[in-house]
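In what follows, a single structure is set out as structure tokens and then discussed.
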Amino acid sequence: MRRLRSTAVTVLAVVALAGCSASSDSASDASGAAGTAAPAVDVPVPGTPEVAPGVPTQAQPDRQVVQTGSASVAVEDPAAGAQRVSELVEAAGGRVEERTEQAASQDEEDGAGASADLVVRVPADALTGVLADLEELGDVESVSVSRSDVTATVVDLDARISALQSSATRLQGLMDGAATTEALLAAEKALSERQSQLESLQSQRASLADQVELSTLRVQLRPFGVAPVGGPDGFLEGLGTGWRALVTTVGATLVVLGVVLPWMAVAALLTAGALALLRLVRRRSSVEAPAQG
């Protein structure tokens with residue numbers, strides 16, 4: 001039994017030594033290969049973001065959406081409506097970029113020639129509320145809203161900006177350690193080009209961020225009974241425009257009739273008096289004629 005145990009111990013020792021020698025040989029081979037191979041250098045590719053080793057990639061980015069809209073509203077007074085729209089936009093945290101008002105001409109007493117056009121910027125999350133508030137001004141004849149997803153463009157711009165910033169940092173380090181004038185001038189030229197490209201991309205990114213944050217809304221204000229620019233879009237809109245035009249025309253006719261009616265009454269009285277006087281003269285003439293005969 002003791003001999004068997006000693007034999008087993010001896011075998012295990014030999015196996016262990018063989019394993020250790022094999023592992024040391026493979027380790028030495030690996031270290032030797034690593035020593036002879038050229039060190040790897042990570043060269044950033046323009047247009048791709050740098051990601052540190054061990055850092056997980058970012059999850060799906062938030063969607064970036066640009067919203068633009070337009071609305072046509074029939075109101076009593078376009079100028080007053082434009083003021084009210086400006087107040088609604090400013091109350092929502094937006095601003096008015098363009099505002100144009102046109103008064104009715106002197107020969108258009110019903111105000112059919114008056115109009116107002118506005119271009120406003122509204123926070124994206126407040127656009128729906130502002131469109132709903134337009135119903136307080138008058139009859140909303142048409143509304144259109146379009147949305148454009150610019151998430152891919154935003155991600156691309158951010159990646160290119162990050163790559164250019166890293167490149168500019170490295171070039172700045174080369175300038176600080178330049179050994180010759182030629183190397184310094186070359187680094188300065190390359191750095192100037194990188195900074196110019198970086199400023200252009202940052203400007204594009206800021207403009208895109210502004211469009212995402214603030215939606216653009218165009219508002220057209222017209223008096224009641226005046227068809228919107230481009231005419232009605234369908235039968236119902238045409239019917240509504242025709243009805244409002246009829247109501248406006250009838251109202252204008254009644255106003256004119258109210259102005260003319262007193263004069264018509266006076267003219268009728270004068271005409272009646274003149275006819276009565278003419279009849280009286282004719283009767284006297286007819287009576288005097290037989291008497292003279």
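In the structure tokens, chains take the letters A, B, ... in the order shown, each chain's residues start at 1, and ligands count up from 1 in the order shown.
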
Q: Using only C-alpha atoms, determine which residues lie at most 8 Å from range 207-214 of chain A, disregarding the query and same-chain residues fewer than 2 positions distant; provide the list as a list of chain:residue names.
A: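 Close residues of range 207-214 of chain A: A:Gln64, A:Val65, A:Val66, A:Gln67, A:Gly94, A:Arg121, A:Val122, A:Pro123, A:Ala124, A:Val154, A:Ser203, A:Gln204, A:Arg205, A:Thr216.
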
Q: Write out as a ChimeraX atom specification the residues lying within 8 Å of range 129-138 of chain A, counting only C-alpha atoms and excluding same-chain residues fewer than 5 positions away.
A: /A:71,73-76,81,84-85,88-89,92

**Q.** Residue nearest Asp139 in chain A - candidates A:Ser286, A:Gln220, A:Gln165, A:Thr271, atoms counted: only C-alpha atoms
**A.**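 Of A:Ser286, A:Gln220, A:Gln165, A:Thr271, the one nearest Asp139 in chain A is A:Gln220, counting only C-alpha atoms.
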
Q | Pick from A:Arg99, A:Lys189, A:Ser70, A:Ala163, whichever lies nearest to Gln83 in chain A using only C-alpha atoms | A |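 Nearest candidate to Gln83 in chain A out of A:Arg99, A:Lys189, A:Ser70, A:Ala163: A:Arg99.
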
Q: Could you check which of A:Ile161, A:Leu261, A:Thr68, A:Ala116 is closest to Ser196 in chain A, using only C-alpha atoms?
A: A:Ile161

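One distance worth recording is that between CA of Leu127 in chain A and CA of Gln102 in chain A, which is 26.0 Å.
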
Q: Might you pull out every residue within 10 Å of range 171-182 of chain A, with only C-alpha atoms counted and same-chain residues fewer than 5 positions away left off, and present them as a list in words?
A: Gln165, Ser166, Ala187, Glu188, Lys189, Ala190, Leu191, Ser192 and Arg194 of chain A

Q | Using only C-alpha atoms: which of A:Ala183, A:Asp62, A:Val256, A:Gly273 has the shortest distance to Thr151 in chain A | A |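 For Thr151 in chain A, the nearest of the candidates is A:Asp62.
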
Q: Mind giving me the straight-line distance from CA of Pro223 in chain A to CA of Ala79 in chain A in Å, one decimal?
A: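 Computing it gives 10.1 Å between the two atoms.
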
Q) Quick one: distance from CA of Leu257 in chain A to CA of Ala80 in chain A in Å, one decimal? A)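 If I compute the distance from CA of Leu257 in chain A to CA of Ala80 in chain A, I get 28.0 Å.
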